[in-house]
Structures are given as structure tokens and as C-alpha cells.
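Engineer: Okay, so here is coords.txt, and as you'll see once you scroll down, it has compact mmCIF, C-alpha atoms.
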# COMPACT_ATOMS: atom_id res chain seq x y z
CA MET A 1 14.49 -76.97 -72.37
CA THR A 2 17.08 -78.83 -74.44
CA GLU A 3 16.72 -82.61 -74.64
CA ILE A 4 19.51 -84.68 -76.13
CA ARG A 5 18.84 -87.97 -77.89
CA ARG A 6 21.10 -90.56 -79.45
CA GLY A 7 21.28 -90.21 -83.22
CA GLY A 8 22.68 -92.32 -86.00
CA PRO A 9 23.06 -92.77 -89.76
CA GLY A 10 19.45 -91.70 -90.36
CA ASP A 11 20.37 -88.22 -89.08
CA ALA A 12 22.77 -87.47 -91.98
CA PRO A 13 20.09 -85.42 -93.84
CA LEU A 14 19.44 -83.41 -90.66
CA MET A 15 23.18 -82.82 -90.23
CA LEU A 16 23.48 -81.64 -93.85
CA ALA A 17 20.46 -79.34 -93.47
CA MET A 18 21.98 -77.72 -90.38
CA LEU A 19 25.32 -77.32 -92.14
CA ASP A 20 23.55 -75.77 -95.16
CA GLY A 21 21.84 -73.32 -92.81
CA ALA A 22 25.12 -72.46 -91.13
CA VAL A 23 26.82 -71.87 -94.52
CA ALA A 24 23.94 -69.63 -95.64
CA TRP A 25 24.19 -67.60 -92.42
CA LEU A 26 27.98 -67.35 -92.60
CA ALA A 27 27.86 -66.29 -96.27
CA ALA A 28 25.11 -63.72 -95.59
CA ASN A 29 27.40 -62.23 -92.94
CA GLY A 30 30.45 -62.12 -95.22
CA ARG A 31 32.14 -65.04 -93.44
CA THR A 32 32.83 -67.49 -96.27
CA GLY A 33 36.33 -68.44 -95.10
CA GLN A 34 35.09 -71.22 -92.82
CA TRP A 35 32.94 -73.32 -95.16
CA GLY A 36 32.59 -71.29 -98.36
CA SER A 37 29.24 -70.18 -99.74
CA GLU A 38 27.84 -73.34 -101.36
CA PRO A 39 25.49 -75.69 -99.47
CA TRP A 40 27.12 -78.85 -98.12
CA SER A 41 24.24 -80.91 -99.51
CA GLU A 42 25.26 -79.94 -103.07
CA ASP A 43 28.89 -81.10 -102.74
CA PRO A 44 29.24 -84.90 -103.16
CA ARG A 45 32.50 -84.97 -101.14
CA ARG A 46 30.88 -83.19 -98.20
CA VAL A 47 27.76 -85.38 -98.41
CA GLU A 48 30.02 -88.45 -98.33
CA ARG A 49 31.95 -87.01 -95.36
CA ILE A 50 28.79 -86.33 -93.33
CA THR A 51 27.29 -89.70 -94.27
CA GLY A 52 30.51 -91.34 -93.01
CA ILE A 53 30.46 -89.36 -89.77
CA ALA A 54 26.79 -90.27 -89.20
CA ARG A 55 27.63 -93.94 -89.81
CA ASP A 56 30.95 -94.22 -87.96
CA ASP A 57 30.83 -91.71 -85.09
CA GLU A 58 28.47 -91.36 -82.14
CA ILE A 59 25.73 -88.89 -83.03
CA TRP A 60 23.84 -86.79 -80.49
CA VAL A 61 20.89 -84.60 -81.47
CA ALA A 62 19.72 -81.70 -79.31
CA GLU A 63 16.01 -80.95 -79.49
CA VAL A 64 14.10 -77.96 -78.17
CA ASP A 65 10.35 -78.46 -77.85
CA GLY A 66 10.70 -81.58 -80.00
CA ARG A 67 12.45 -79.72 -82.84
CA PRO A 68 16.04 -80.60 -83.85
CA ALA A 69 18.20 -77.70 -82.70
CA GLY A 70 21.77 -79.01 -82.96
CA VAL A 71 23.86 -82.04 -83.77
CA MET A 72 27.19 -83.29 -82.42
CA ALA A 73 29.36 -86.20 -83.50
CA VAL A 74 32.07 -87.66 -81.26
CA ALA A 75 34.68 -90.36 -81.82
CA PRO A 76 37.44 -92.01 -79.74
CA HIS A 77 40.06 -90.64 -82.15
CA PRO A 78 40.69 -87.44 -84.12
CA PRO A 79 40.16 -86.93 -87.85
CA ARG A 80 43.13 -87.85 -90.05
CA TYR A 81 44.43 -84.27 -90.24
CA VAL A 82 45.02 -84.14 -86.43
CA ASP A 83 47.77 -86.12 -84.72
CA PRO A 84 46.54 -88.87 -82.39
CA ILE A 85 47.63 -88.90 -78.75
CA ASP A 86 48.68 -91.65 -76.35
CA GLU A 87 45.82 -91.35 -73.87
CA PRO A 88 42.11 -92.09 -73.95
CA GLU A 89 40.18 -89.20 -75.45
CA LEU A 90 36.87 -88.27 -76.95
CA TYR A 91 37.00 -86.04 -80.02
CA ILE A 92 34.18 -83.79 -81.17
CA THR A 93 34.19 -84.34 -84.93
CA LEU A 94 31.17 -82.14 -85.66
CA LEU A 95 29.14 -79.57 -83.75
CA VAL A 96 26.49 -77.48 -85.50
CA THR A 97 23.34 -75.74 -84.34
CA ASP A 98 20.30 -74.63 -86.25
CA ARG A 99 20.51 -70.85 -86.57
CA ALA A 100 16.89 -70.61 -85.32
CA PHE A 101 18.23 -71.72 -81.93
CA ALA A 102 21.36 -69.55 -81.81
CA GLY A 103 21.87 -68.13 -78.34
CA HIS A 104 19.70 -70.80 -76.64
CA GLY A 105 22.62 -72.79 -75.18
CA VAL A 106 22.24 -75.71 -77.59
CA GLY A 107 25.96 -75.92 -78.41
CA GLY A 108 26.83 -75.70 -74.72
CA ALA A 109 24.37 -78.50 -73.90
CA LEU A 110 25.98 -80.69 -76.56
CA ILE A 111 29.48 -79.93 -75.25
CA ALA A 112 28.29 -80.85 -71.75
CA LYS A 113 27.00 -84.13 -73.22
CA ALA A 114 30.43 -84.73 -74.78
CA LYS A 115 32.04 -84.25 -71.36
CA ASP A 116 29.58 -86.74 -69.82
CA GLU A 117 30.31 -89.25 -72.58
CA ALA A 118 34.07 -88.82 -72.13
CA ARG A 119 33.69 -89.52 -68.40
CA ALA A 120 31.51 -92.56 -69.06
CA LYS A 121 34.11 -93.94 -71.46
CA GLY A 122 37.03 -93.29 -69.09
CA ALA A 123 38.55 -90.66 -71.38
CA GLY A 124 40.37 -87.93 -69.51
CA LEU A 125 40.64 -85.59 -72.47
CA LEU A 126 38.06 -83.96 -74.74
CA ARG A 127 39.39 -82.42 -77.95
CA VAL A 128 37.90 -80.45 -80.82
CA ASP A 129 39.18 -78.45 -83.76
CA CYS A 130 37.64 -75.47 -85.48
CA TYR A 131 38.15 -72.73 -88.02
CA ALA A 132 40.74 -70.29 -86.72
CA GLY A 133 40.45 -67.59 -89.37
CA GLY A 134 38.28 -64.54 -89.66
CA ASP A 135 37.64 -62.74 -86.40
CA GLY A 136 38.54 -65.75 -84.23
CA GLN A 137 35.07 -65.91 -82.68
CA LEU A 138 34.76 -69.66 -83.10
CA VAL A 139 37.98 -70.26 -81.15
CA GLN A 140 36.67 -67.90 -78.46
CA TYR A 141 33.38 -69.83 -78.35
CA TYR A 142 35.22 -73.03 -77.48
CA ARG A 143 37.41 -71.21 -74.96
CA ARG A 144 34.25 -69.98 -73.21
CA HIS A 145 33.23 -73.65 -72.92
CA GLY A 146 36.43 -74.67 -71.12
CA PHE A 147 38.71 -75.59 -74.02
CA ALA A 148 42.28 -74.33 -74.27
CA PRO A 149 44.15 -73.86 -77.54
CA VAL A 150 46.73 -76.61 -78.16
CA ALA A 151 48.03 -76.13 -81.69
CA GLU A 152 47.34 -74.32 -84.92
CA PHE A 153 47.27 -76.24 -88.20
CA THR A 154 46.20 -75.84 -91.80
CA VAL A 155 44.36 -78.10 -94.19
CA GLY A 156 45.24 -76.67 -97.59
CA ASP A 157 44.75 -72.95 -96.97
CA TRP A 158 42.09 -73.47 -94.27
CA PRO A 159 43.44 -72.30 -90.87
CA GLY A 160 42.47 -74.52 -87.96
CA GLN A 161 42.86 -74.50 -84.20
CA LEU A 162 43.09 -77.64 -82.08
CA LEU A 163 41.68 -77.23 -78.57
CA SER A 164 41.36 -79.54 -75.57
CA GLN A 165 40.16 -79.76 -72.00
CA GLN A 166 40.73 -82.24 -69.23
CA VAL A 167 37.68 -84.18 -68.13
CA LYS A 168 37.50 -85.28 -64.53
CA PRO A 169 36.62 -88.96 -64.15
CA ALA A 170 33.21 -89.94 -62.89
CA LYS A 171 32.97 -90.65 -59.19
CA VAL A 172 31.88 -94.11 -58.16
CA GLU A 173 30.52 -95.20 -54.84
CA ASN A 174 33.11 -96.82 -52.59
CA PRO A 175 31.70 -99.98 -50.97
CA GLY A 176 33.37 -98.87 -47.73
CA GLY A 177 31.60 -95.51 -47.85
CA GLY A 178 32.20 -92.24 -49.62
CA THR A 179 33.20 -91.77 -53.23
CA GLN A 180 36.41 -92.15 -55.11
CA PRO A 181 37.54 -91.29 -58.65
CA GLY A 182 36.21 -93.65 -61.32
CA GLU A 183 38.27 -96.52 -62.58
Step by step, read the file and then write its structure as C-alpha cells.
Structural biologist:
Amino acid sequence: MTEIRRGGPGDAPLMLAMLDGAVAWLAANGRTGQWGSEPWSEDPRRVERITGIARDDEIWVAEVDGRPAGVMAVAPHPPRYVDPIDEPELYITLLVTDRAFAGHGVGGALIAKAKDEARAKGAGLLRVDCYAGGDGQLVQYYRRHGFAPVAEFTVGDWPGQLLSQQVKPAKVENPGGGTQPGE
């Protein structure tokens, strides 16, 4: 069973280790277009980026049998390369799973947590971006989890896809009986 705990700045090494594992797996499968072939932990710019995300964003760590299995970071605004919007949102700034737990629903559990957090914060929109190159499987992964493509973009020569999904507000008990949409 997947348990999700609140993380923080101390989880930056864990985040880097999972990213290193993902890069190694991608490279071993000939899929270097997303993140290249060098470990994130060996690139000072990437280490700084992940350290900043761990410090500034909300971190959630998925654990299976007490072992870290995935990490997600969320923020109330998108990264600088994505245009902001004029409504409350929650943005998934990072989602990575340990390859040892691939196919165990860890990413889906973290996305469900992001939806819960969006509801709790009164955000009606959940957005994420991902690599749109290669065989398009990453875009399809997010589509399977309820996201719809919004816009394509590039950062340098890296092709990206912005995706979003509406999040229904939490229901609150009505003092007069019944429930009504959250405020």
C-alpha cells in the first residue's frame, strides 16, 4: 500500500537520486531526449533547481512498505517558462517515481494527492507540463490520469506539453442539512 507523507528541503537528495535513476533508465532505453544521459546529481544547475524546488514548493513523498517510491512537488503557480493564469491553481512542478516501483500506481497516488491538495486550497485547476517528444508516452500517461493537453511549448530545443484538469471543489456540510460545494 502506498502511504504519502509531507516532505521538505531535506528530501532534495532523495529527489535527485530518483531523477538519477530515471535518467539511467531512460538512457538505457534509448530515450535521452527528455533529460539527457548524465545524472542530475552531477549537474550543479540541476542540483540547484531541485534544491530550490525542495525548499520553495510543497513536497510529497510516496512510500511503499516504508521505502521511498516517488516524489511530487506542487506550487500555487507555474514555472517561469509557462504562462500564469487568472484563476487559483495548483501546479505539479515535479513528479518522479523510483523505477523499482514502476507499475505500482505510485505516480497515480501522487496525482490523486495533488487533486486533494488543490481542493483543500480552493484551486479549481490542476496543471502539469511534461516532455512531449519521443513516442509521446509521457503525455499519454498524464492523459490517462485525467489531464487534457492545453498547449505545446519549447524550452530551447526541448519540446514540452502543458496539460490541465478541472478539480471539483470539496463538499462541506451545510448546517441546514446536506452538502454543498466548498467555498
Engineer: If I put a ball of radius 12 Å at (45.7, -78.1, -90.3) in the file's coordinates, which residues poke into it when counting all atoms listed in the file, written as a ChimeraX atom specification?
Structural biologist: /A:79-83,129-133,151-162
Engineer: What is the distance between CA of Leu90 (chain A) and CA of Ala75 (chain A), in Å to one decimal?
Structural biologist: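 About the pair CA of Leu90 (chain A) and CA of Ala75 (chain A): they are 5.7 Å apart.
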Engineer: To one decimal in Å, tell me the separation between CA of Glu58 (chain A) and CA of Arg119 (chain A).
Structural biologist: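 Calculated distance between CA of Glu58 (chain A) and CA of Arg119 (chain A) is 14.8 Å.
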Engineer: So the first atom is CA of Val47 (chain A) and the second is CA of Pro9 (chain A); what is the distance between them in Å, to one decimal place?
Structural biologist: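 Between these atoms lies a distance of 12.3 Å.
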Engineer: Can you tell me, as AutoDock Vina command-line options, the centre and edge lengths (Å, one decimal) of the axis-aligned box enclosing all of region 143-159 of chain A's listed atoms after padding each side by 8 Å?
Structural biologist:
--center_x 40.6 --center_y -74.0 --center_z -84.4 --size_x 30.8 --size_y 24.1 --size_z 42.5
Engineer: Compare A:Gly136, A:Pro39, A:Gly107, A:Pro169 by their minimum atom-to-atom distance to Asp20 (chain A), counting only C-alpha atoms, and give me the closest one.
Structural biologist: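 Using only C-alpha atoms, Asp20 (chain A) sits closest to A:Pro39.
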Engineer: I'd like the neighbourhood of Arg46 (chain A) as a ChimeraX atom specification, where a residue qualifies if any of its atoms comes within 12 Å (using all atoms listed in the file), though same-chain residues fewer than 5 positions away should be ignored.
Structural biologist: /A:12-13,15-16,19-20,35,38-41,51-53
Engineer: Taking all atoms listed in the file into account, name the residue in A:Arg55, A:Lys115, A:Arg6, A:Lys121 that is nearest to Gly146 (chain A).
Structural biologist: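 Ranked by minimum distance to Gly146 (chain A), first place goes to A:Lys115.
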